[in-house]
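Below is input-v1.tsv, holding TSV, C-alpha atoms and all ligand atoms.
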chain	number	residue	atom	x	y	z
E	6	MET	CA	48.66	130.18	140.66
E	7	GLY	CA	45.64	128.73	142.45
E	8	PRO	CA	42.60	130.60	143.72
E	9	LEU	CA	43.03	133.32	146.34
E	10	LEU	CA	40.81	131.45	148.78
E	11	GLN	CA	40.29	127.73	148.94
E	12	VAL	CA	37.98	126.19	151.53
E	13	GLU	CA	38.05	122.40	151.88
E	14	GLY	CA	35.88	120.24	154.10
E	15	LEU	CA	35.07	123.11	156.44
E	16	LYS	CA	32.90	122.09	159.33
E	17	LYS	CA	31.63	124.02	162.33
E	18	TRP	CA	29.53	122.18	164.86
E	19	PHE	CA	28.45	123.92	168.06
E	20	SER	CA	27.96	121.57	170.97
E	21	ILE	CA	24.86	121.97	173.08
E	22	ASN	CA	24.52	120.43	176.47
E	23	ASP	CA	20.95	120.64	177.44
E	24	SER	CA	20.54	117.69	179.79
E	25	LYS	CA	16.77	118.07	180.06
E	26	LEU	CA	16.31	118.04	176.32
E	27	PHE	CA	18.83	115.37	175.47
E	28	ARG	CA	19.08	113.33	178.68
E	29	GLY	CA	22.72	114.18	179.11
E	30	GLU	CA	23.75	113.09	175.61
E	31	LYS	CA	25.98	115.42	173.66
E	32	HIS	CA	24.30	117.03	170.69
E	33	PHE	CA	25.55	119.42	168.05
E	34	VAL	CA	24.19	122.21	165.94
E	35	LYS	CA	25.64	121.29	162.57
E	36	ALA	CA	25.89	124.91	161.46
E	37	VAL	CA	28.43	124.28	158.70
E	38	ASP	CA	28.85	120.69	157.63
E	39	PHE	CA	31.73	119.88	155.27
E	40	ILE	CA	31.67	122.55	152.63
E	41	ASP	CA	34.10	123.26	149.80
E	42	PHE	CA	34.45	126.35	147.65
E	43	SER	CA	37.09	128.61	146.20
E	44	ILE	CA	37.31	132.25	145.13
E	45	GLU	CA	39.61	133.58	142.42
E	46	LYS	CA	41.51	136.80	142.92
E	47	GLY	CA	39.38	139.84	142.07
E	48	GLU	CA	36.18	137.81	142.10
E	49	THR	CA	32.94	138.13	144.10
E	50	LEU	CA	31.40	134.90	145.30
E	51	SER	CA	27.98	135.37	146.88
E	52	LEU	CA	26.94	132.98	149.60
E	53	VAL	CA	23.18	132.95	149.72
E	54	GLY	CA	20.50	131.23	151.79
E	55	GLU	CA	17.84	131.83	154.42
E	56	SER	CA	18.79	132.96	157.90
E	57	GLY	CA	20.21	130.15	160.01
E	58	CYS	CA	21.58	128.20	157.02
E	59	GLY	CA	25.19	128.71	158.12
E	60	LYS	CA	26.33	131.62	155.93
E	61	SER	CA	27.60	133.92	158.67
E	62	THR	CA	29.15	131.01	160.56
E	63	THR	CA	30.98	130.10	157.35
E	64	GLY	CA	32.28	133.67	157.00
E	65	ARG	CA	33.54	133.76	160.56
E	66	ALA	CA	35.07	130.28	160.40
E	67	VAL	CA	36.89	131.17	157.16
E	68	LEU	CA	38.57	134.07	158.97
E	69	ARG	CA	39.02	132.01	162.14
E	70	LEU	CA	37.05	134.61	164.09
E	71	ILE	CA	35.45	131.43	165.36
E	72	GLU	CA	37.36	128.17	165.21
E	73	GLY	CA	36.12	125.66	162.67
E	74	THR	CA	35.72	122.11	163.96
E	75	GLU	CA	37.48	120.61	160.96
E	76	GLY	CA	38.74	121.64	157.56
E	77	LYS	CA	41.24	123.66	155.65
E	78	VAL	CA	41.12	127.33	154.63
E	79	VAL	CA	43.93	128.33	152.31
E	80	LEU	CA	44.38	132.07	151.72
E	81	ASP	CA	46.97	132.93	149.08
E	82	GLY	CA	48.80	129.63	149.61
E	83	VAL	CA	48.72	129.59	153.43
E	84	ASN	CA	46.44	127.23	155.38
E	85	LEU	CA	45.02	129.49	158.08
E	86	TYR	CA	44.06	126.44	160.13
E	87	SER	CA	47.69	125.35	160.42
E	88	LEU	CA	48.76	128.65	162.00
E	89	LYS	CA	49.35	129.40	165.67
E	90	SER	CA	47.46	132.43	166.96
E	91	ASN	CA	50.50	134.75	166.80
E	92	GLU	CA	51.14	133.73	163.18
E	93	LEU	CA	47.47	134.22	162.37
E	94	LYS	CA	47.60	137.69	163.87
E	95	LYS	CA	50.21	138.72	161.31
E	96	LEU	CA	47.90	137.66	158.50
E	97	ARG	CA	44.86	139.43	159.95
E	98	LYS	CA	45.51	142.45	157.76
E	99	ASP	CA	45.02	140.33	154.64
E	100	MET	CA	41.44	139.46	155.55
E	101	GLN	CA	38.83	141.82	156.83
E	102	ILE	CA	35.11	141.68	157.47
E	103	VAL	CA	32.31	144.21	157.09
E	104	PHE	CA	29.33	143.49	159.32
E	105	GLN	CA	25.64	143.85	158.69
E	106	ASP	CA	24.83	146.40	161.32
E	107	PRO	CA	26.74	149.66	160.90
E	108	TYR	CA	25.17	150.88	164.15
E	109	ALA	CA	26.49	148.10	166.34
E	110	SER	CA	29.85	147.52	164.66
E	111	LEU	CA	31.38	150.98	165.14
E	112	ASN	CA	32.68	152.06	168.54
E	113	PRO	CA	30.45	155.03	169.48
E	114	ARG	CA	33.19	156.63	171.60
E	115	LEU	CA	35.73	156.91	168.78
E	116	LYS	CA	35.91	159.59	166.13
E	117	VAL	CA	35.80	158.50	162.50
E	118	ARG	CA	39.53	159.16	162.09
E	119	GLN	CA	40.27	156.85	165.03
E	120	ILE	CA	37.96	154.13	163.78
E	121	ILE	CA	39.60	154.01	160.36
E	122	GLU	CA	43.11	154.43	161.78
E	123	GLU	CA	42.85	151.68	164.40
E	124	PRO	CA	43.57	148.66	162.15
E	125	MET	CA	46.59	150.49	160.68
E	126	THR	CA	47.94	151.10	164.17
E	127	ILE	CA	47.61	147.41	164.98
E	128	HIS	CA	48.74	145.86	161.71
E	129	THR	CA	51.15	148.29	159.97
E	130	ASN	CA	54.32	150.24	160.69
E	131	LEU	CA	52.98	153.46	159.21
E	132	THR	CA	53.80	156.68	161.07
E	133	LYS	CA	51.06	158.79	162.61
E	134	LYS	CA	51.35	161.27	159.73
E	135	GLU	CA	51.14	158.52	157.10
E	136	ARG	CA	48.14	157.02	158.84
E	137	THR	CA	46.31	160.34	158.91
E	138	GLU	CA	47.01	160.87	155.20
E	139	LYS	CA	45.70	157.41	154.47
E	140	VAL	CA	42.56	157.96	156.55
E	141	LYS	CA	41.80	161.03	154.46
E	142	GLN	CA	42.42	159.22	151.21
E	143	ILE	CA	40.21	156.28	152.15
E	144	MET	CA	37.44	158.56	153.37
E	145	THR	CA	37.49	160.21	149.97
E	146	ASP	CA	37.50	156.81	148.25
E	147	VAL	CA	34.39	155.69	150.11
E	148	GLY	CA	32.61	158.99	149.46
E	149	LEU	CA	32.90	160.60	152.91
E	150	ASN	CA	33.80	164.26	153.24
E	151	ILE	CA	37.10	164.66	155.11
E	152	MET	CA	35.60	167.64	156.94
E	153	TYR	CA	33.87	164.94	159.05
E	154	LEU	CA	37.14	163.42	160.36
E	155	ASP	CA	36.40	164.38	163.94
E	156	ARG	CA	32.77	163.38	164.04
E	157	TYR	CA	31.38	160.42	165.95
E	158	PRO	CA	29.37	157.53	164.42
E	159	HIS	CA	26.02	158.80	165.76
E	160	GLN	CA	26.44	161.94	163.68
E	161	PHE	CA	26.19	159.93	160.45
E	162	SER	CA	23.34	158.26	158.57
E	163	GLY	CA	23.15	154.47	158.23
E	164	GLY	CA	24.60	154.53	154.72
E	165	GLN	CA	27.47	156.78	155.82
E	166	ARG	CA	28.19	154.54	158.79
E	167	GLN	CA	28.45	151.54	156.50
E	168	ARG	CA	30.90	153.58	154.39
E	169	ILE	CA	32.95	154.05	157.56
E	170	GLY	CA	32.84	150.29	158.21
E	171	ILE	CA	34.05	149.65	154.66
E	172	ALA	CA	36.79	152.30	155.03
E	173	ARG	CA	38.03	150.60	158.19
E	174	ALA	CA	38.22	147.24	156.40
E	175	LEU	CA	40.07	148.83	153.47
E	176	ALA	CA	42.61	150.66	155.60
E	177	VAL	CA	45.03	147.73	155.82
E	178	GLU	CA	44.75	146.83	152.11
E	179	PRO	CA	43.32	143.34	152.64
E	180	LYS	CA	43.37	140.64	149.99
E	181	LEU	CA	39.97	139.28	150.98
E	182	ILE	CA	36.97	141.09	152.43
E	183	ILE	CA	34.01	139.18	153.79
E	184	MET	CA	30.88	141.26	153.40
E	185	ASP	CA	28.28	139.89	155.80
E	186	GLU	CA	24.91	141.30	154.69
E	187	PRO	CA	26.49	144.77	154.30
E	188	VAL	CA	23.36	146.47	152.94
E	189	SER	CA	20.54	144.55	154.67
E	190	ALA	CA	20.24	147.01	157.53
E	191	LEU	CA	20.13	150.03	155.20
E	192	ASP	CA	17.18	151.83	153.63
E	193	VAL	CA	16.38	150.47	150.20
E	194	SER	CA	17.13	153.90	148.73
E	195	VAL	CA	20.78	153.78	149.85
E	196	GLN	CA	21.40	150.06	149.28
E	197	ALA	CA	22.19	150.53	145.57
E	198	GLN	CA	24.66	153.35	146.31
E	199	VAL	CA	26.56	151.24	148.80
E	200	LEU	CA	26.54	148.22	146.47
E	201	ASN	CA	27.93	150.36	143.66
E	202	LEU	CA	30.61	151.68	146.00
E	203	ILE	CA	31.55	148.12	146.98
E	204	GLN	CA	31.95	147.28	143.27
E	205	ASP	CA	33.95	150.43	142.48
E	206	LEU	CA	36.33	149.75	145.36
E	207	GLN	CA	36.81	146.18	144.15
E	208	GLU	CA	38.03	147.46	140.82
E	209	LYS	CA	40.18	150.20	142.27
E	210	TYR	CA	41.89	148.02	144.90
E	211	GLY	CA	41.73	144.63	143.16
E	212	LEU	CA	39.69	143.23	146.04
E	213	THR	CA	38.24	139.76	146.38
E	214	TYR	CA	34.87	139.39	148.11
E	215	LEU	CA	32.94	136.68	149.84
E	216	PHE	CA	29.55	138.37	149.84
E	217	ILE	CA	27.04	136.93	152.30
E	218	THR	CA	23.39	137.79	151.70
E	219	HIS	CA	19.85	136.40	151.81
E	220	ASN	CA	18.73	138.78	149.06
E	221	LEU	CA	18.80	137.38	145.53
E	222	SER	CA	18.33	140.79	143.91
E	223	VAL	CA	21.56	141.84	145.60
E	224	VAL	CA	23.21	138.60	144.44
E	225	LYS	CA	22.20	139.41	140.88
E	226	HIS	CA	23.77	142.84	141.12
E	227	ILE	CA	27.05	142.02	142.79
E	228	SER	CA	28.27	138.48	142.04
E	229	ASP	CA	30.54	136.73	139.61
E	230	ARG	CA	29.61	133.34	141.05
E	231	VAL	CA	26.90	132.22	143.45
E	232	ALA	CA	26.86	129.53	146.14
E	233	VAL	CA	23.58	128.48	147.76
E	234	MET	CA	23.53	127.11	151.30
E	235	TYR	CA	20.82	125.04	152.91
E	236	LEU	CA	21.08	123.61	156.43
E	237	GLY	CA	24.87	123.84	156.63
E	238	LYS	CA	25.58	122.48	153.13
E	239	ILE	CA	26.35	124.10	149.81
E	240	VAL	CA	23.69	122.71	147.47
E	241	GLU	CA	24.60	124.63	144.32
E	242	ILE	CA	27.52	126.72	143.11
E	243	GLY	CA	28.05	128.23	139.71
E	244	ASN	CA	28.63	131.31	137.62
E	245	LYS	CA	25.97	133.99	137.94
E	246	ALA	CA	24.53	133.88	134.42
E	247	SER	CA	24.13	130.12	134.41
E	248	PHE	CA	22.74	130.16	137.95
E	249	PHE	CA	19.99	132.67	137.21
E	250	GLU	CA	19.16	131.25	133.76
E	251	THR	CA	19.10	127.59	134.76
E	252	PRO	CA	19.06	127.16	138.53
E	253	LEU	CA	19.59	123.42	139.01
E	254	HIS	CA	18.76	122.68	142.63
E	255	PRO	CA	15.03	122.70	143.49
E	256	TYR	CA	15.82	124.94	146.49
E	257	SER	CA	17.57	127.51	144.26
E	258	GLN	CA	14.66	127.34	141.84
E	259	ALA	CA	12.28	128.20	144.68
E	260	LEU	CA	14.48	131.08	145.87
E	261	ILE	CA	14.75	132.54	142.36
E	262	SER	CA	11.04	132.14	141.70
E	263	ALA	CA	10.41	134.38	144.71
E	264	ILE	CA	12.22	137.40	143.19
E	265	PRO	CA	9.43	139.63	141.84
E	266	GLU	CA	11.37	140.91	138.79
E	267	THR	CA	12.33	137.39	137.67
E	268	ASN	CA	8.70	136.40	137.87
E	269	ARG	CA	7.69	139.21	135.59
E	270	THR	CA	10.34	138.80	132.90
E	271	LEU	CA	10.63	135.02	132.82
E	272	LYS	CA	6.99	134.38	133.69
E	273	ARG	CA	8.14	131.77	136.18
E	274	GLU	CA	5.58	130.32	138.51
E	275	ARG	CA	6.34	131.05	142.11
E	276	ILE	CA	7.42	127.79	143.77
E	277	LEU	CA	6.11	127.69	147.30
E	278	LEU	CA	8.00	125.38	149.62
E	279	LYS	CA	6.09	123.40	152.19
E	280	GLY	CA	7.07	123.32	155.83
E	281	ASP	CA	9.86	125.01	157.74
E	282	ILE	CA	13.60	124.52	157.64
E	283	PRO	CA	14.33	121.47	159.83
E	284	SER	CA	16.56	121.80	162.89
E	285	PRO	CA	20.31	121.84	162.22
E	286	VAL	CA	20.67	119.67	165.34
E	287	ASP	CA	18.94	116.78	163.66
E	288	PRO	CA	18.94	117.40	159.90
E	289	PRO	CA	17.08	114.96	157.60
E	290	GLU	CA	18.92	111.83	156.41
E	291	GLY	CA	20.01	111.78	152.78
E	292	CYS	CA	19.34	115.08	151.03
E	293	ARG	CA	18.69	117.71	153.69
E	294	PHE	CA	16.10	119.34	151.47
E	295	ASN	CA	14.01	116.17	151.15
E	296	THR	CA	11.32	117.26	153.65
E	297	ARG	CA	10.45	120.29	151.50
E	298	CYS	CA	11.38	119.30	147.97
E	299	PRO	CA	8.58	119.12	145.38
E	300	PHE	CA	10.54	116.45	143.44
E	301	VAL	CA	11.57	114.20	146.34
E	302	MET	CA	12.29	110.55	145.41
E	303	ASP	CA	12.92	107.49	147.62
E	304	ILE	CA	16.68	107.69	147.18
E	305	CYS	CA	16.67	111.30	148.48
E	306	LYS	CA	15.74	110.03	151.96
E	307	ILE	CA	18.64	107.60	152.11
E	308	LEU	CA	21.60	108.92	150.17
E	309	GLU	CA	23.14	112.36	150.40
E	310	PRO	CA	23.66	113.73	146.87
E	311	PRO	CA	27.22	114.92	146.19
E	312	LEU	CA	27.94	118.32	144.66
E	313	THR	CA	28.39	117.36	140.99
E	314	LEU	CA	29.57	119.31	137.94
E	315	LEU	CA	26.49	119.45	135.68
E	316	LYS	CA	27.28	122.36	133.38
E	317	GLU	CA	30.35	124.46	132.71
E	318	ASP	CA	31.35	126.11	136.01
E	319	HIS	CA	28.05	125.03	137.59
E	320	TYR	CA	27.61	122.36	140.27
E	321	ALA	CA	24.56	121.08	142.15
E	322	ALA	CA	23.89	118.42	144.76
E	323	CYS	CA	20.66	116.77	143.64
E	324	HIS	CA	19.75	113.19	142.69
E	325	LEU	CA	17.40	114.42	139.96
E	326	TYR	CA	20.28	114.79	137.55
E	327	THR	CA	22.11	111.62	138.39
E	328	GLU	CA	19.44	109.16	139.53
E	329	GLY	CA	16.13	110.57	138.51
E	330	ILE	CA	14.19	112.24	135.76
E	331	GLY	CA	16.36	115.35	135.28
E	332	ASP	CA	17.92	115.43	131.85
E	333	ILE	CA	21.35	116.98	131.78
E	334	GLY	CA	21.18	117.18	127.98
E	335	LYS	CA	18.26	119.61	128.25
E	336	LEU	CA	19.84	121.93	130.82
L	401	LIG	FE1	14.94	117.18	145.94
L	401	LIG	FE2	15.99	114.76	145.97
L	401	LIG	FE3	17.21	116.73	144.67
L	401	LIG	FE4	17.15	116.68	147.31
L	401	LIG	S1	18.16	115.21	146.00
L	401	LIG	S2	16.79	118.42	146.03
L	401	LIG	S3	15.13	115.85	147.71
L	401	LIG	S4	15.20	115.82	144.20
L	402	MG	MG	23.79	136.10	159.09
Could you render the structure from this file as structure tokens?
Ligand code: SF4
Ligand code: MG
Amino acid sequence: MGPLLQVEGLKKWFSINDSKLFRGEKHFVKAVDFIDFSIEKGETLSLVGESGCGKSTTGRAVLRLIEGTEGKVVLDGVNLYSLKSNELKKLRKDMQIVFQDPYASLNPRLKVRQIIEEPMTIHTNLTKKERTEKVKQIMTDVGLNIMYLDRYPHQFSGGQRQRIGIARALAVEPKLIIMDEPVSALDVSVQAQVLNLIQDLQEKYGLTYLFITHNLSVVKHISDRVAVMYLGKIVEIGNKASFFETPLHPYSQALISAIPETNRTLKRERILLKGDIPSPVDPPEGCRFNTRCPFVMDICKILEPPLTLLKEDHYAACHLYTEGIGDIGKL
């Protein structure tokens, strides 16, 4: 049996037609630019990077909530990109998404019971009575009191609303849930509770997560493996322990050095990157990180480094280890 999710050569370019800016030429925002990754059943892969790097676009293109420009997304043996929209609709129940903003993502006019029941009405043949039973059970599972069945979203706190969002995703027993920054909009004091809930539910329901976040402390808490994105590319992917102990890509090293706790325990110097992230319309030639990398070499400006296996279950795309001074033996 292969992985539950396999993404191959996924690309999402958005075309922009600004004739003033580009004199009528067609230009593209290369939001996601040929990425590959897979997720095993029951695993959490975190997709991390700064805002605008293509994480959320990746999540949506994986589920075909937006159409990828090219590529293959195989969920449990079925290539979602080979399906017609009616066939895709039947598989919708297998893949759900939880959004960042629990305020905007819940319909304010529906009661909690309706919000959680809705996906079951669309995707299952359960009777009304069965659906109501299931709503109650899931509310209990996510830590919501079933006395609140008939309340509206505005009557709940942010943390409780995100529990409702998670309950709605769980209602159809999906194989894969994409968590798109599920705790970033919450108070720090409730973030840990919701993260723990997400982990408990994974165990209970055998769920598989693609967990999108910009927060490396959250990544540390939740992941089995970590993938780092920069300007539409995955630059590093590996198991969590190896990633945090020996981050290979200079960009990952900078991100990790910025976590306060890591600085204290490992006494790592904070690596400050120069400049801003370049535009995804016109990314740098060669390695996309070359305009900000402290170790940039001539080759980095010409040749794009491929994602290469450098340690067990740990890949990075950087010329340092193949062309330069990096010593794989010392990793
Ligand atoms: Fe830096 Fe070159 Fe590695 Fe890119 S390929 S991260 S520019 S050393
Ligand atoms: Mg996002």
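Proximity of E:Leu221, E:Met125, E:Ile151, E:Ala232 to Thr63 of chain E, computed with only C-alpha atoms, is greatest for E:Ala232.
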Interatomic distance between atom CA of Val224 of chain E and atom CA of Gly64 of chain E? 16.3 Å
Between E:Leu68, E:Ala197, E:Leu212, E:Leu191, which has the minimum distance to Pro179 of chain E (counting all atoms listed in the file)?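 Once distances to Pro179 of chain E are computed over all atoms listed in the file, the minimum belongs to E:Leu212.
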Excluding same-chain residues fewer than 6 positions from segment 110-122 of chain E, what lies within 6 Å of it counting only C-alpha atoms, as a PyMOL selection string? chain E and resi 154-158+173
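With all atoms listed in the file as the basis for measurement, E:Ser56 is the residue among E:Ser262, E:Ser56, E:Gln207, E:Asn201 that approaches ligand MG 402 (chain L) most closely.
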Ligand MG 402 (chain L) neighbours within 12 Å using all atoms listed in the file, as number ranges by chain: E: 36, 52-65, 103-106, 183-187, 189-190, 216-220, 234
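Counting all atoms listed in the file, the residue from E:Val34, E:Leu93, E:Leu200, E:Leu325 that sits nearest to ligand LIG 401 (chain L) is E:Leu325.
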Have a look at E:Pro107, E:Gly243, E:Pro265, E:Pro252 and name the one nearest to ligand LIG 401 (chain L); count all atoms listed in the file. E:Pro252
May I have the residues within 12 Å of ligand LIG 401 (chain L), computed using all atoms listed in the file, as an mmCIF file with C-alpha atoms, in the frame of the given file?
data_model
loop_
_atom_site.group_PDB
_atom_site.id
_atom_site.type_symbol
_atom_site.label_atom_id
_atom_site.label_comp_id
_atom_site.auth_asym_id
_atom_site.auth_seq_id
_atom_site.Cartn_x
_atom_site.Cartn_y
_atom_site.Cartn_z
ATOM 1 C CA TYR E 235 20.820 125.040 152.910
ATOM 2 C CA LYS E 238 25.580 122.480 153.130
ATOM 3 C CA ILE E 239 26.350 124.100 149.810
ATOM 4 C CA VAL E 240 23.690 122.710 147.470
ATOM 5 C CA GLU E 241 24.600 124.630 144.320
ATOM 6 C CA PRO E 252 19.060 127.160 138.530
ATOM 7 C CA LEU E 253 19.590 123.420 139.010
ATOM 8 C CA HIS E 254 18.760 122.680 142.630
ATOM 9 C CA PRO E 255 15.030 122.700 143.490
ATOM 10 C CA TYR E 256 15.820 124.940 146.490
ATOM 11 C CA SER E 257 17.570 127.510 144.260
ATOM 12 C CA GLN E 258 14.660 127.340 141.840
ATOM 13 C CA ALA E 259 12.280 128.200 144.680
ATOM 14 C CA LEU E 278 8.000 125.380 149.620
ATOM 15 C CA PRO E 289 17.080 114.960 157.600
ATOM 16 C CA GLU E 290 18.920 111.830 156.410
ATOM 17 C CA GLY E 291 20.010 111.780 152.780
ATOM 18 C CA CYS E 292 19.340 115.080 151.030
ATOM 19 C CA ARG E 293 18.690 117.710 153.690
ATOM 20 C CA PHE E 294 16.100 119.340 151.470
ATOM 21 C CA ASN E 295 14.010 116.170 151.150
ATOM 22 C CA THR E 296 11.320 117.260 153.650
ATOM 23 C CA ARG E 297 10.450 120.290 151.500
ATOM 24 C CA CYS E 298 11.380 119.300 147.970
ATOM 25 C CA PRO E 299 8.580 119.120 145.380
ATOM 26 C CA PHE E 300 10.540 116.450 143.440
ATOM 27 C CA VAL E 301 11.570 114.200 146.340
ATOM 28 C CA MET E 302 12.290 110.550 145.410
ATOM 29 C CA ASP E 303 12.920 107.490 147.620
ATOM 30 C CA ILE E 304 16.680 107.690 147.180
ATOM 31 C CA CYS E 305 16.670 111.300 148.480
ATOM 32 C CA LYS E 306 15.740 110.030 151.960
ATOM 33 C CA ILE E 307 18.640 107.600 152.110
ATOM 34 C CA LEU E 308 21.600 108.920 150.170
ATOM 35 C CA GLU E 309 23.140 112.360 150.400
ATOM 36 C CA PRO E 310 23.660 113.730 146.870
ATOM 37 C CA PRO E 311 27.220 114.920 146.190
ATOM 38 C CA LEU E 312 27.940 118.320 144.660
ATOM 39 C CA THR E 313 28.390 117.360 140.990
ATOM 40 C CA ALA E 321 24.560 121.080 142.150
ATOM 41 C CA ALA E 322 23.890 118.420 144.760
ATOM 42 C CA CYS E 323 20.660 116.770 143.640
ATOM 43 C CA HIS E 324 19.750 113.190 142.690
ATOM 44 C CA LEU E 325 17.400 114.420 139.960
ATOM 45 C CA TYR E 326 20.280 114.790 137.550
ATOM 46 C CA THR E 327 22.110 111.620 138.390
ATOM 47 C CA GLU E 328 19.440 109.160 139.530
ATOM 48 C CA GLY E 329 16.130 110.570 138.510
ATOM 49 C CA ILE E 330 14.190 112.240 135.760
ATOM 50 C CA GLY E 331 16.360 115.350 135.280
#
In Å, with one decimal, what is the gap from atom CA of His128 of chain E to atom CA of Glu178 of chain E?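 Interatomic distance, atom CA of His128 of chain E to atom CA of Glu178 of chain E: 10.4 Å.
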Taking only C-alpha atoms into account, name the residue in E:Lys141, E:His226, E:His32, E:Arg168 that is nearest to Ser284 of chain E.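 Of all the options, E:His32 lies closest to Ser284 of chain E.
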